[in-house]
$ cat my_file12.pdb   # PDB, C-alpha atoms and all ligand atoms
ATOM      1  CA  MET A   1      85.239 120.472  82.855  1.00  0.00           C
ATOM      2  CA  GLN A   2      88.824 121.602  82.278  1.00  0.00           C
ATOM      3  CA  PRO A   3      90.974 122.046  85.388  1.00  0.00           C
ATOM      4  CA  THR A   4      91.829 125.645  86.107  1.00  0.00           C
ATOM      5  CA  THR A   5      95.358 126.889  86.597  1.00  0.00           C
ATOM      6  CA  PHE A   6      94.591 126.971  90.310  1.00  0.00           C
ATOM      7  CA  ASP A   7      93.571 123.293  90.246  1.00  0.00           C
ATOM      8  CA  LEU A   8      96.789 122.341  88.461  1.00  0.00           C
ATOM      9  CA  ARG A   9      98.915 124.359  90.896  1.00  0.00           C
ATOM     10  CA  ARG A  10      97.108 122.748  93.819  1.00  0.00           C
ATOM     11  CA  ARG A  11      97.818 119.282  92.393  1.00  0.00           C
ATOM     12  CA  ASP A  12     101.485 120.159  91.877  1.00  0.00           C
ATOM     13  CA  PHE A  13     101.679 121.451  95.438  1.00  0.00           C
ATOM     14  CA  ALA A  14     100.099 118.266  96.800  1.00  0.00           C
ATOM     15  CA  LYS A  15     102.576 116.106  94.864  1.00  0.00           C
ATOM     16  CA  THR A  16     105.493 118.222  96.000  1.00  0.00           C
ATOM     17  CA  ALA A  17     104.381 118.135  99.620  1.00  0.00           C
ATOM     18  CA  LEU A  18     103.887 114.368  99.564  1.00  0.00           C
ATOM     19  CA  PHE A  19     107.225 113.583  97.975  1.00  0.00           C
ATOM     20  CA  GLY A  20     108.888 116.251 100.061  1.00  0.00           C
ATOM     21  CA  ALA A  21     107.756 114.516 103.234  1.00  0.00           C
ATOM     22  CA  ALA A  22     109.078 111.201 101.933  1.00  0.00           C
ATOM     23  CA  ALA A  23     112.387 112.788 101.022  1.00  0.00           C
ATOM     24  CA  VAL A  24     112.666 114.387 104.458  1.00  0.00           C
ATOM     25  CA  ALA A  25     112.010 111.074 106.149  1.00  0.00           C
ATOM     26  CA  ALA A  26     114.499 109.288 103.896  1.00  0.00           C
ATOM     27  CA  SER A  27     117.197 111.788 104.729  1.00  0.00           C
ATOM     28  CA  LEU A  28     116.592 111.611 108.468  1.00  0.00           C
ATOM     29  CA  PRO A  29     120.223 110.908 109.469  1.00  0.00           C
ATOM     30  CA  ALA A  30     121.399 113.971 107.573  1.00  0.00           C
ATOM     31  CA  VAL A  31     118.680 116.085 109.137  1.00  0.00           C
ATOM     32  CA  ALA A  32     119.414 114.725 112.601  1.00  0.00           C
ATOM     33  CA  ASN A  33     123.052 115.678 112.161  1.00  0.00           C
ATOM     34  CA  ALA A  34     122.093 119.112 110.940  1.00  0.00           C
ATOM     35  CA  ALA A  35     119.762 119.420 113.902  1.00  0.00           C
ATOM     36  CA  ALA A  36     122.729 119.755 116.208  1.00  0.00           C
ATOM     37  CA  GLY A  37     122.439 123.486 115.774  1.00  0.00           C
ATOM     38  CA  GLY A  38     121.564 123.678 112.068  1.00  0.00           C
ATOM     39  CA  ALA A  39     118.617 125.245 110.319  1.00  0.00           C
ATOM     40  CA  GLU A  40     116.502 122.082 110.683  1.00  0.00           C
ATOM     41  CA  GLU A  41     116.598 122.040 114.464  1.00  0.00           C
ATOM     42  CA  ASN A  42     113.096 121.587 115.898  1.00  0.00           C
ATOM     43  CA  VAL A  43     111.656 120.454 112.548  1.00  0.00           C
ATOM     44  CA  ILE A  44     111.724 116.660 112.896  1.00  0.00           C
ATOM     45  CA  PHE A  45     111.312 115.053 116.303  1.00  0.00           C
ATOM     46  CA  THR A  46     112.351 111.648 117.623  1.00  0.00           C
ATOM     47  CA  LYS A  47     112.275 109.820 120.943  1.00  0.00           C
ATOM     48  CA  ASP A  48     115.886 110.830 121.551  1.00  0.00           C
ATOM     49  CA  ASP A  49     115.538 114.329 120.127  1.00  0.00           C
ATOM     50  CA  PRO A  50     112.129 115.762 121.034  1.00  0.00           C
ATOM     51  CA  GLY A  51     113.431 119.316 120.730  1.00  0.00           C
ATOM     52  CA  HIS A  52     111.078 121.937 122.078  1.00  0.00           C
ATOM     53  CA  TRP A  53     108.405 119.249 122.470  1.00  0.00           C
ATOM     54  CA  ALA A  54     110.366 117.470 125.223  1.00  0.00           C
ATOM     55  CA  GLY A  55     107.933 115.527 127.384  1.00  0.00           C
ATOM     56  CA  LYS A  56     105.580 114.836 124.431  1.00  0.00           C
ATOM     57  CA  GLU A  57     107.481 111.800 123.124  1.00  0.00           C
ATOM     58  CA  ALA A  58     105.309 109.103 124.688  1.00  0.00           C
ATOM     59  CA  LEU A  59     102.198 110.256 122.815  1.00  0.00           C
ATOM     60  CA  HIS A  60     103.808 111.197 119.505  1.00  0.00           C
ATOM     61  CA  VAL A  61     106.556 108.770 118.516  1.00  0.00           C
ATOM     62  CA  PRO A  62     104.957 106.222 116.171  1.00  0.00           C
ATOM     63  CA  VAL A  63     105.209 102.565 117.123  1.00  0.00           C
ATOM     64  CA  ALA A  64     105.807 100.171 114.242  1.00  0.00           C
ATOM     65  CA  THR A  65     105.444  96.404 114.323  1.00  0.00           C
ATOM     66  CA  VAL A  66     105.815  93.819 111.586  1.00  0.00           C
ATOM     67  CA  GLN A  67     103.953  90.553 111.253  1.00  0.00           C
ATOM     68  CA  GLY A  68     104.636  88.703 108.028  1.00  0.00           C
ATOM     69  CA  SER A  69     104.423  91.295 105.268  1.00  0.00           C
ATOM     70  CA  THR A  70     102.158  93.632 107.239  1.00  0.00           C
ATOM     71  CA  LEU A  71     103.590  96.713 108.884  1.00  0.00           C
ATOM     72  CA  THR A  72     101.323  98.230 111.516  1.00  0.00           C
ATOM     73  CA  VAL A  73     101.912 101.778 112.699  1.00  0.00           C
ATOM     74  CA  LYS A  74     100.234 103.136 115.826  1.00  0.00           C
ATOM     75  CA  THR A  75     100.592 106.468 117.541  1.00  0.00           C
ATOM     76  CA  PRO A  76      99.499 106.312 121.190  1.00  0.00           C
ATOM     77  CA  HIS A  77      97.836 109.716 120.959  1.00  0.00           C
ATOM     78  CA  PRO A  78      94.274 110.687 121.926  1.00  0.00           C
ATOM     79  CA  MET A  79      92.067 111.882 119.082  1.00  0.00           C
ATOM     80  CA  SER A  80      89.779 114.921 119.408  1.00  0.00           C
ATOM     81  CA  GLU A  81      88.575 117.674 117.092  1.00  0.00           C
ATOM     82  CA  ALA A  82      91.088 120.073 118.586  1.00  0.00           C
ATOM     83  CA  HIS A  83      94.097 117.777 118.791  1.00  0.00           C
ATOM     84  CA  TYR A  84      94.763 114.724 116.673  1.00  0.00           C
ATOM     85  CA  ILE A  85      97.183 112.736 114.563  1.00  0.00           C
ATOM     86  CA  VAL A  86      96.912 113.887 110.966  1.00  0.00           C
ATOM     87  CA  SER A  87      98.861 111.178 109.154  1.00  0.00           C
ATOM     88  CA  HIS A  88     101.374 108.369 109.040  1.00  0.00           C
ATOM     89  CA  SER A  89     103.839 107.769 106.238  1.00  0.00           C
ATOM     90  CA  VAL A  90     106.267 104.942 105.544  1.00  0.00           C
ATOM     91  CA  VAL A  91     109.535 105.065 103.594  1.00  0.00           C
ATOM     92  CA  LEU A  92     111.792 102.084 102.899  1.00  0.00           C
ATOM     93  CA  ASP A  93     115.543 101.886 102.364  1.00  0.00           C
ATOM     94  CA  GLY A  94     116.888 104.249  99.751  1.00  0.00           C
ATOM     95  CA  GLY A  95     113.933 106.620 100.103  1.00  0.00           C
ATOM     96  CA  ARG A  96     111.453 104.226  98.517  1.00  0.00           C
ATOM     97  CA  TYR A  97     108.042 105.615  99.433  1.00  0.00           C
ATOM     98  CA  LEU A  98     105.665 102.881 100.600  1.00  0.00           C
ATOM     99  CA  GLY A  99     102.527 104.697 101.632  1.00  0.00           C
ATOM    100  CA  ARG A 100     100.620 107.215 103.651  1.00  0.00           C
ATOM    101  CA  LYS A 101      97.433 107.202 105.695  1.00  0.00           C
ATOM    102  CA  THR A 102      95.578 110.331 106.709  1.00  0.00           C
ATOM    103  CA  PHE A 103      93.236 110.521 109.695  1.00  0.00           C
ATOM    104  CA  THR A 104      90.317 112.576 110.854  1.00  0.00           C
ATOM    105  CA  PRO A 105      89.746 113.311 114.544  1.00  0.00           C
ATOM    106  CA  LYS A 106      87.176 110.490 114.558  1.00  0.00           C
ATOM    107  CA  ASP A 107      89.716 107.861 113.462  1.00  0.00           C
ATOM    108  CA  GLN A 108      92.163 105.904 115.552  1.00  0.00           C
ATOM    109  CA  PRO A 109      95.787 106.687 114.613  1.00  0.00           C
ATOM    110  CA  VAL A 110      96.546 103.201 113.339  1.00  0.00           C
ATOM    111  CA  SER A 111      97.590 102.308 109.800  1.00  0.00           C
ATOM    112  CA  THR A 112      98.652  99.126 108.072  1.00  0.00           C
ATOM    113  CA  HIS A 113     100.969  98.848 105.090  1.00  0.00           C
ATOM    114  CA  THR A 114     101.980  95.883 102.963  1.00  0.00           C
ATOM    115  CA  LEU A 115     105.718  95.456 102.651  1.00  0.00           C
ATOM    116  CA  PRO A 116     107.201  94.200  99.393  1.00  0.00           C
ATOM    117  CA  ALA A 117     107.544  90.415  99.390  1.00  0.00           C
ATOM    118  CA  GLY A 118     110.650  89.354 101.303  1.00  0.00           C
ATOM    119  CA  TYR A 119     111.601  92.922 102.162  1.00  0.00           C
ATOM    120  CA  LYS A 120     114.614  93.271 104.443  1.00  0.00           C
ATOM    121  CA  GLY A 121     116.008  96.634 105.399  1.00  0.00           C
ATOM    122  CA  LYS A 122     115.243  99.900 107.071  1.00  0.00           C
ATOM    123  CA  VAL A 123     111.694 101.157 107.526  1.00  0.00           C
ATOM    124  CA  THR A 124     111.170 104.802 108.443  1.00  0.00           C
ATOM    125  CA  VAL A 125     107.788 105.717 109.894  1.00  0.00           C
ATOM    126  CA  THR A 126     106.417 109.219 110.471  1.00  0.00           C
ATOM    127  CA  SER A 127     103.505 110.534 112.481  1.00  0.00           C
ATOM    128  CA  THR A 128     102.234 114.097 112.253  1.00  0.00           C
ATOM    129  CA  CYS A 129     100.254 115.791 115.018  1.00  0.00           C
ATOM    130  CA  ASN A 130      98.193 118.855 114.197  1.00  0.00           C
ATOM    131  CA  LEU A 131      99.654 120.644 117.227  1.00  0.00           C
ATOM    132  CA  HIS A 132     102.988 118.947 117.850  1.00  0.00           C
ATOM    133  CA  ASP A 133     104.514 118.515 114.402  1.00  0.00           C
ATOM    134  CA  PHE A 134     106.432 115.742 112.695  1.00  0.00           C
ATOM    135  CA  TRP A 135     107.732 112.674 114.568  1.00  0.00           C
ATOM    136  CA  VAL A 136     109.892 109.903 113.158  1.00  0.00           C
ATOM    137  CA  THR A 137     111.140 106.489 114.137  1.00  0.00           C
ATOM    138  CA  SER A 138     112.751 103.664 112.216  1.00  0.00           C
ATOM    139  CA  LEU A 139     113.321  99.972 112.490  1.00  0.00           C
ATOM    140  CA  THR A 140     115.237  97.378 110.543  1.00  0.00           C
ATOM    141  CA  ILE A 141     113.594  94.152 109.498  1.00  0.00           C
TER     142      ILE A 141
HETATM  143 FE    FE A 201      99.863 116.103 119.899  1.00  0.00          FE
END
$ encode --input "my_file12.pdb" --output "C-alpha cells" --more "lines below"
Ligand SMILES: [Fe+2]
Amino acid sequence: MQPTTFDLRRRDFAKTALFGAAAVAASLPAVANAAAGGAEENVIFTKDDPGHWAGKEALHVPVATVQGSTLTVKTPHPMSEAHYIVSHSVVLDGGRYLGRKTFTPKDQPVSTHTLPAGYKGKVTVTSTCNLHDFWVTSLTI
C-alpha cells in the first residue's frame, strides 16, 4: 500500500522532531545563555537552572554513568500512567546524535547506550517528563 501524503508528512515531522531535539541538546550552552531573559527561558531545564520547575530537580535531572563503553542514563522519577518519563536522548561532542530511548508508564526510566570505541569528550543527556518538560545534564569522559 502506498503511503498517503499524511503518512509522509508524519514521517517528516517525526524526523524533524527527533533531530530538532538533538540539535537543541547540542546547542545547550547557547540556549542556557539565551535563557538569561531570552525567548528560550523555561524551555530547557538543568540542575542549576530549573526555571519555573524549581524544586523538581531531584526527580528530573538525568543521571549518567559510564562503565567501559556503556553509558547508563537513569532518571530518579516515579512512573505512573498519569506522570512518567517519556524519553532519554544522548548527544556527543559536536552534536553527534548517539541514541534515544522512549518509555511507557510501565517501564523504568533507565536506558543504556554504547559509546563509540575509545570515545572521549562531552556527553549530553536529556530526560523528558510528560508533565515537567525537558531536562538536560552533561558530563565529560
Ligand atoms: Fe515529572
$ closest_residue --input "my_file12.pdb" --among "A:Gln67, A:Pro76, A:Glu81, A:Thr137" --to "His113 of chain A" --atoms "all atoms listed in the file"
A:Gln67
$ resolve_selection --input "my_file12.pdb" --expression "the PyMOL selection byres (((chain A and resi 134) around 9) and not hetatm)" --output "list in words"
Val43, Ile44, Phe45, Thr46, His60, Thr126, Ser127, Thr128, Cys129, Asn130, His132, Asp133, Trp135 and Val136 of chain A
$ atom_distance --input "my_file12.pdb" --atom1 "atom CA of Pro109 of chain A" --atom2 "atom CA of Thr72 of chain A"
10.6 Å
$ residues_near_point --input "my_file12.pdb" --point "(111.6, 89.5, 101.2)" --cutoff "12 Å" --atoms "only C-alpha atoms" --output "PDB file with C-alpha atoms, keeping the file's coordinate frame"
ATOM      1  CA  GLY A  68     104.636  88.703 108.028  1.00  0.00           C
ATOM      2  CA  SER A  69     104.423  91.295 105.268  1.00  0.00           C
ATOM      3  CA  THR A  70     102.158  93.632 107.239  1.00  0.00           C
ATOM      4  CA  THR A 114     101.980  95.883 102.963  1.00  0.00           C
ATOM      5  CA  LEU A 115     105.718  95.456 102.651  1.00  0.00           C
ATOM      6  CA  PRO A 116     107.201  94.200  99.393  1.00  0.00           C
ATOM      7  CA  ALA A 117     107.544  90.415  99.390  1.00  0.00           C
ATOM      8  CA  GLY A 118     110.650  89.354 101.303  1.00  0.00           C
ATOM      9  CA  TYR A 119     111.601  92.922 102.162  1.00  0.00           C
ATOM     10  CA  LYS A 120     114.614  93.271 104.443  1.00  0.00           C
ATOM     11  CA  GLY A 121     116.008  96.634 105.399  1.00  0.00           C
ATOM     12  CA  ILE A 141     113.594  94.152 109.498  1.00  0.00           C
TER      13      ILE A 141
END
$ residues_around --input "my_file12.pdb" --residues "Asp93 of chain A" --least-positions-apart "2" --cutoff "8 Å" --atoms "only C-alpha atoms" --output "PDB file with C-alpha atoms, keeping the file's coordinate frame"
ATOM      1  CA  ALA A  26     114.499 109.288 103.896  1.00  0.00           C
ATOM      2  CA  VAL A  91     109.535 105.065 103.594  1.00  0.00           C
ATOM      3  CA  GLY A  95     113.933 106.620 100.103  1.00  0.00           C
ATOM      4  CA  ARG A  96     111.453 104.226  98.517  1.00  0.00           C
ATOM      5  CA  GLY A 121     116.008  96.634 105.399  1.00  0.00           C
ATOM      6  CA  LYS A 122     115.243  99.900 107.071  1.00  0.00           C
ATOM      7  CA  VAL A 123     111.694 101.157 107.526  1.00  0.00           C
TER       8      VAL A 123
END
$ closest_residue --input "my_file12.pdb" --among "A:His52, A:Gly99, A:His88, A:Thr140" --to "Val73 of chain A" --atoms "all atoms listed in the file"
A:His88
$ closest_residue --input "my_file12.pdb" --among "A:Ser80, A:Ser89, A:Thr124, A:Ser138" --to "ligand FE 201 (chain A)" --atoms "only C-alpha atoms and all ligand atoms"
A:Ser80
$ resolve_selection --input "my_file12.pdb" --expression "the PyMOL selection byres (((chain A and resi 107) around 12) and not hetatm)" --output "ChimeraX atom specification"
/A:74-75,77-81,84-87,101-106,108-111
$ write_last_selection --input "my_file12.pdb" --atoms "C-alpha atoms" --output "short mmCIF file (atom, residue, chain, number, x, y, z; two decimals), keeping the file's coordinate frame"
data_model
loop_
_atom_site.label_atom_id
_atom_site.label_comp_id
_atom_site.auth_asym_id
_atom_site.auth_seq_id
_atom_site.Cartn_x
_atom_site.Cartn_y
_atom_site.Cartn_z
CA LYS A 74 100.23 103.14 115.83
CA THR A 75 100.59 106.47 117.54
CA HIS A 77 97.84 109.72 120.96
CA PRO A 78 94.27 110.69 121.93
CA MET A 79 92.07 111.88 119.08
CA SER A 80 89.78 114.92 119.41
CA GLU A 81 88.58 117.67 117.09
CA TYR A 84 94.76 114.72 116.67
CA ILE A 85 97.18 112.74 114.56
CA VAL A 86 96.91 113.89 110.97
CA SER A 87 98.86 111.18 109.15
CA LYS A 101 97.43 107.20 105.70
CA THR A 102 95.58 110.33 106.71
CA PHE A 103 93.24 110.52 109.70
CA THR A 104 90.32 112.58 110.85
CA PRO A 105 89.75 113.31 114.54
CA LYS A 106 87.18 110.49 114.56
CA GLN A 108 92.16 105.90 115.55
CA PRO A 109 95.79 106.69 114.61
CA VAL A 110 96.55 103.20 113.34
CA SER A 111 97.59 102.31 109.80
#
$ closest_residue --input "my_file12.pdb" --among "A:Ala58, A:Val63, A:Leu139, A:Val90" --to "ligand FE 201 (chain A)" --atoms "all atoms listed in the file"
A:Ala58
$ atom_distance --input "my_file12.pdb" --atom1 "atom CA of Lys56 of chain A" --atom2 "atom FE of ligand FE 201 (chain A)"
7.4 Å
$ closest_residue --input "my_file12.pdb" --among "A:Leu92, A:Leu131, A:Trp53, A:Val125" --to "ligand FE 201 (chain A)" --atoms "all atoms listed in the file"
A:Leu131
$ closest_residue --input "my_file12.pdb" --among "A:Thr112, A:Tyr97, A:Glu57, A:His83" --to "ligand FE 201 (chain A)" --atoms "only C-alpha atoms and all ligand atoms"
A:His83
$ atom_distance --input "my_file12.pdb" --atom1 "atom CA of Leu59 of chain A" --atom2 "atom FE of ligand FE 201 (chain A)"
6.9 Å
$ decode --input "my_file12.pdb" --residues "segment 71-84 of chain A" --atoms "all heavy atoms" --output "mmCIF file, in the first residue's frame"
data_model
loop_
_atom_site.group_PDB
_atom_site.id
_atom_site.type_symbol
_atom_site.label_atom_id
_atom_site.label_comp_id
_atom_site.auth_asym_id
_atom_site.auth_seq_id
_atom_site.Cartn_x
_atom_site.Cartn_y
_atom_site.Cartn_z
ATOM 1 N N LEU A 71 27.146 3.626 28.435
ATOM 2 C CA LEU A 71 26.602 4.788 29.123
ATOM 3 C C LEU A 71 25.221 4.402 29.640
ATOM 4 O O LEU A 71 24.370 3.948 28.876
ATOM 5 C CB LEU A 71 26.476 5.960 28.147
ATOM 6 C CG LEU A 71 25.710 7.183 28.666
ATOM 7 C CD1 LEU A 71 26.550 7.944 29.678
ATOM 8 C CD2 LEU A 71 25.305 8.069 27.507
ATOM 9 N N THR A 72 25.027 4.550 30.932
ATOM 10 C CA THR A 72 23.718 4.276 31.529
ATOM 11 C C THR A 72 23.102 5.589 31.990
ATOM 12 O O THR A 72 23.760 6.386 32.656
ATOM 13 C CB THR A 72 23.850 3.310 32.724
ATOM 14 O OG1 THR A 72 24.445 2.085 32.255
ATOM 15 C CG2 THR A 72 22.489 2.995 33.338
ATOM 16 N N VAL A 73 21.855 5.794 31.599
ATOM 17 C CA VAL A 73 21.127 7.001 31.980
ATOM 18 C C VAL A 73 19.934 6.584 32.828
ATOM 19 O O VAL A 73 19.164 5.692 32.438
ATOM 20 C CB VAL A 73 20.641 7.777 30.740
ATOM 21 C CG1 VAL A 73 19.913 9.046 31.162
ATOM 22 C CG2 VAL A 73 21.807 8.096 29.807
ATOM 23 N N LYS A 74 19.798 7.213 33.985
ATOM 24 C CA LYS A 74 18.662 6.942 34.871
ATOM 25 C C LYS A 74 18.039 8.272 35.257
ATOM 26 O O LYS A 74 18.742 9.250 35.499
ATOM 27 C CB LYS A 74 19.111 6.234 36.153
ATOM 28 C CG LYS A 74 19.725 4.873 35.928
ATOM 29 C CD LYS A 74 20.146 4.239 37.249
ATOM 30 C CE LYS A 74 20.795 2.876 36.986
ATOM 31 N NZ LYS A 74 21.237 2.222 38.218
ATOM 32 N N THR A 75 16.733 8.282 35.334
ATOM 33 C CA THR A 75 16.039 9.438 35.897
ATOM 34 C C THR A 75 15.327 8.936 37.154
ATOM 35 O O THR A 75 14.521 8.006 37.075
ATOM 36 C CB THR A 75 15.003 10.016 34.903
ATOM 37 O OG1 THR A 75 15.657 10.298 33.667
ATOM 38 C CG2 THR A 75 14.404 11.310 35.459
ATOM 39 N N PRO A 76 15.638 9.535 38.305
ATOM 40 C CA PRO A 76 15.056 9.042 39.560
ATOM 41 C C PRO A 76 13.623 9.529 39.757
ATOM 42 O O PRO A 76 13.308 10.207 40.724
ATOM 43 C CB PRO A 76 16.004 9.603 40.621
ATOM 44 C CG PRO A 76 16.543 10.855 39.996
ATOM 45 C CD PRO A 76 16.607 10.603 38.509
ATOM 46 N N HIS A 77 12.771 9.150 38.837
ATOM 47 C CA HIS A 77 11.398 9.669 38.768
ATOM 48 C C HIS A 77 10.421 8.505 38.872
ATOM 49 O O HIS A 77 10.579 7.499 38.189
ATOM 50 C CB HIS A 77 11.239 10.359 37.405
ATOM 51 C CG HIS A 77 10.000 11.154 37.230
ATOM 52 N ND1 HIS A 77 8.763 10.583 37.015
ATOM 53 C CD2 HIS A 77 9.804 12.485 37.214
ATOM 54 C CE1 HIS A 77 7.869 11.549 36.880
ATOM 55 N NE2 HIS A 77 8.464 12.716 36.988
ATOM 56 N N PRO A 78 9.376 8.614 39.682
ATOM 57 C CA PRO A 78 8.369 7.547 39.710
ATOM 58 C C PRO A 78 7.646 7.453 38.374
ATOM 59 O O PRO A 78 7.561 8.448 37.649
ATOM 60 C CB PRO A 78 7.422 7.969 40.832
ATOM 61 C CG PRO A 78 7.776 9.355 41.209
ATOM 62 C CD PRO A 78 9.082 9.716 40.589
ATOM 63 N N MET A 79 7.141 6.273 38.078
ATOM 64 C CA MET A 79 6.446 6.045 36.806
ATOM 65 C C MET A 79 5.004 5.633 37.102
ATOM 66 O O MET A 79 4.749 4.641 37.791
ATOM 67 C CB MET A 79 7.159 4.949 36.020
ATOM 68 C CG MET A 79 8.594 5.270 35.651
ATOM 69 S SD MET A 79 8.794 6.568 34.425
ATOM 70 C CE MET A 79 8.705 5.600 32.906
ATOM 71 N N SER A 80 4.046 6.398 36.554
ATOM 72 C CA SER A 80 2.631 6.047 36.662
ATOM 73 C C SER A 80 1.953 6.463 35.364
ATOM 74 O O SER A 80 2.526 7.218 34.572
ATOM 75 C CB SER A 80 1.980 6.757 37.844
ATOM 76 O OG SER A 80 1.861 8.146 37.572
ATOM 77 N N GLU A 81 0.744 5.998 35.160
ATOM 78 C CA GLU A 81 0.017 6.336 33.927
ATOM 79 C C GLU A 81 -0.132 7.849 33.765
ATOM 80 O O GLU A 81 -0.108 8.371 32.666
ATOM 81 C CB GLU A 81 -1.372 5.683 33.940
ATOM 82 C CG GLU A 81 -1.353 4.179 33.778
ATOM 83 C CD GLU A 81 -0.987 3.735 32.367
ATOM 84 O OE1 GLU A 81 -1.249 4.482 31.406
ATOM 85 O OE2 GLU A 81 -0.422 2.635 32.243
ATOM 86 N N ALA A 82 -0.289 8.537 34.868
ATOM 87 C CA ALA A 82 -0.545 9.970 34.805
ATOM 88 C C ALA A 82 0.715 10.822 34.717
ATOM 89 O O ALA A 82 0.668 11.955 34.256
ATOM 90 C CB ALA A 82 -1.357 10.396 36.029
ATOM 91 N N HIS A 83 1.846 10.250 35.146
ATOM 92 C CA HIS A 83 3.052 11.060 35.291
ATOM 93 C C HIS A 83 4.257 10.159 35.124
ATOM 94 O O HIS A 83 4.498 9.292 35.957
ATOM 95 C CB HIS A 83 3.023 11.709 36.682
ATOM 96 C CG HIS A 83 4.134 12.652 36.945
ATOM 97 N ND1 HIS A 83 4.382 13.129 38.209
ATOM 98 C CD2 HIS A 83 5.074 13.214 36.138
ATOM 99 C CE1 HIS A 83 5.418 13.950 38.172
ATOM 100 N NE2 HIS A 83 5.864 14.015 36.923
ATOM 101 N N TYR A 84 5.002 10.386 34.045
ATOM 102 C CA TYR A 84 6.122 9.479 33.765
ATOM 103 C C TYR A 84 7.170 10.128 32.877
ATOM 104 O O TYR A 84 6.920 11.145 32.242
ATOM 105 C CB TYR A 84 5.617 8.182 33.143
ATOM 106 C CG TYR A 84 4.974 8.343 31.790
ATOM 107 C CD1 TYR A 84 5.675 8.077 30.624
ATOM 108 C CD2 TYR A 84 3.644 8.744 31.688
ATOM 109 C CE1 TYR A 84 5.074 8.202 29.383
ATOM 110 C CE2 TYR A 84 3.044 8.881 30.444
ATOM 111 C CZ TYR A 84 3.766 8.609 29.294
ATOM 112 O OH TYR A 84 3.172 8.742 28.067
#
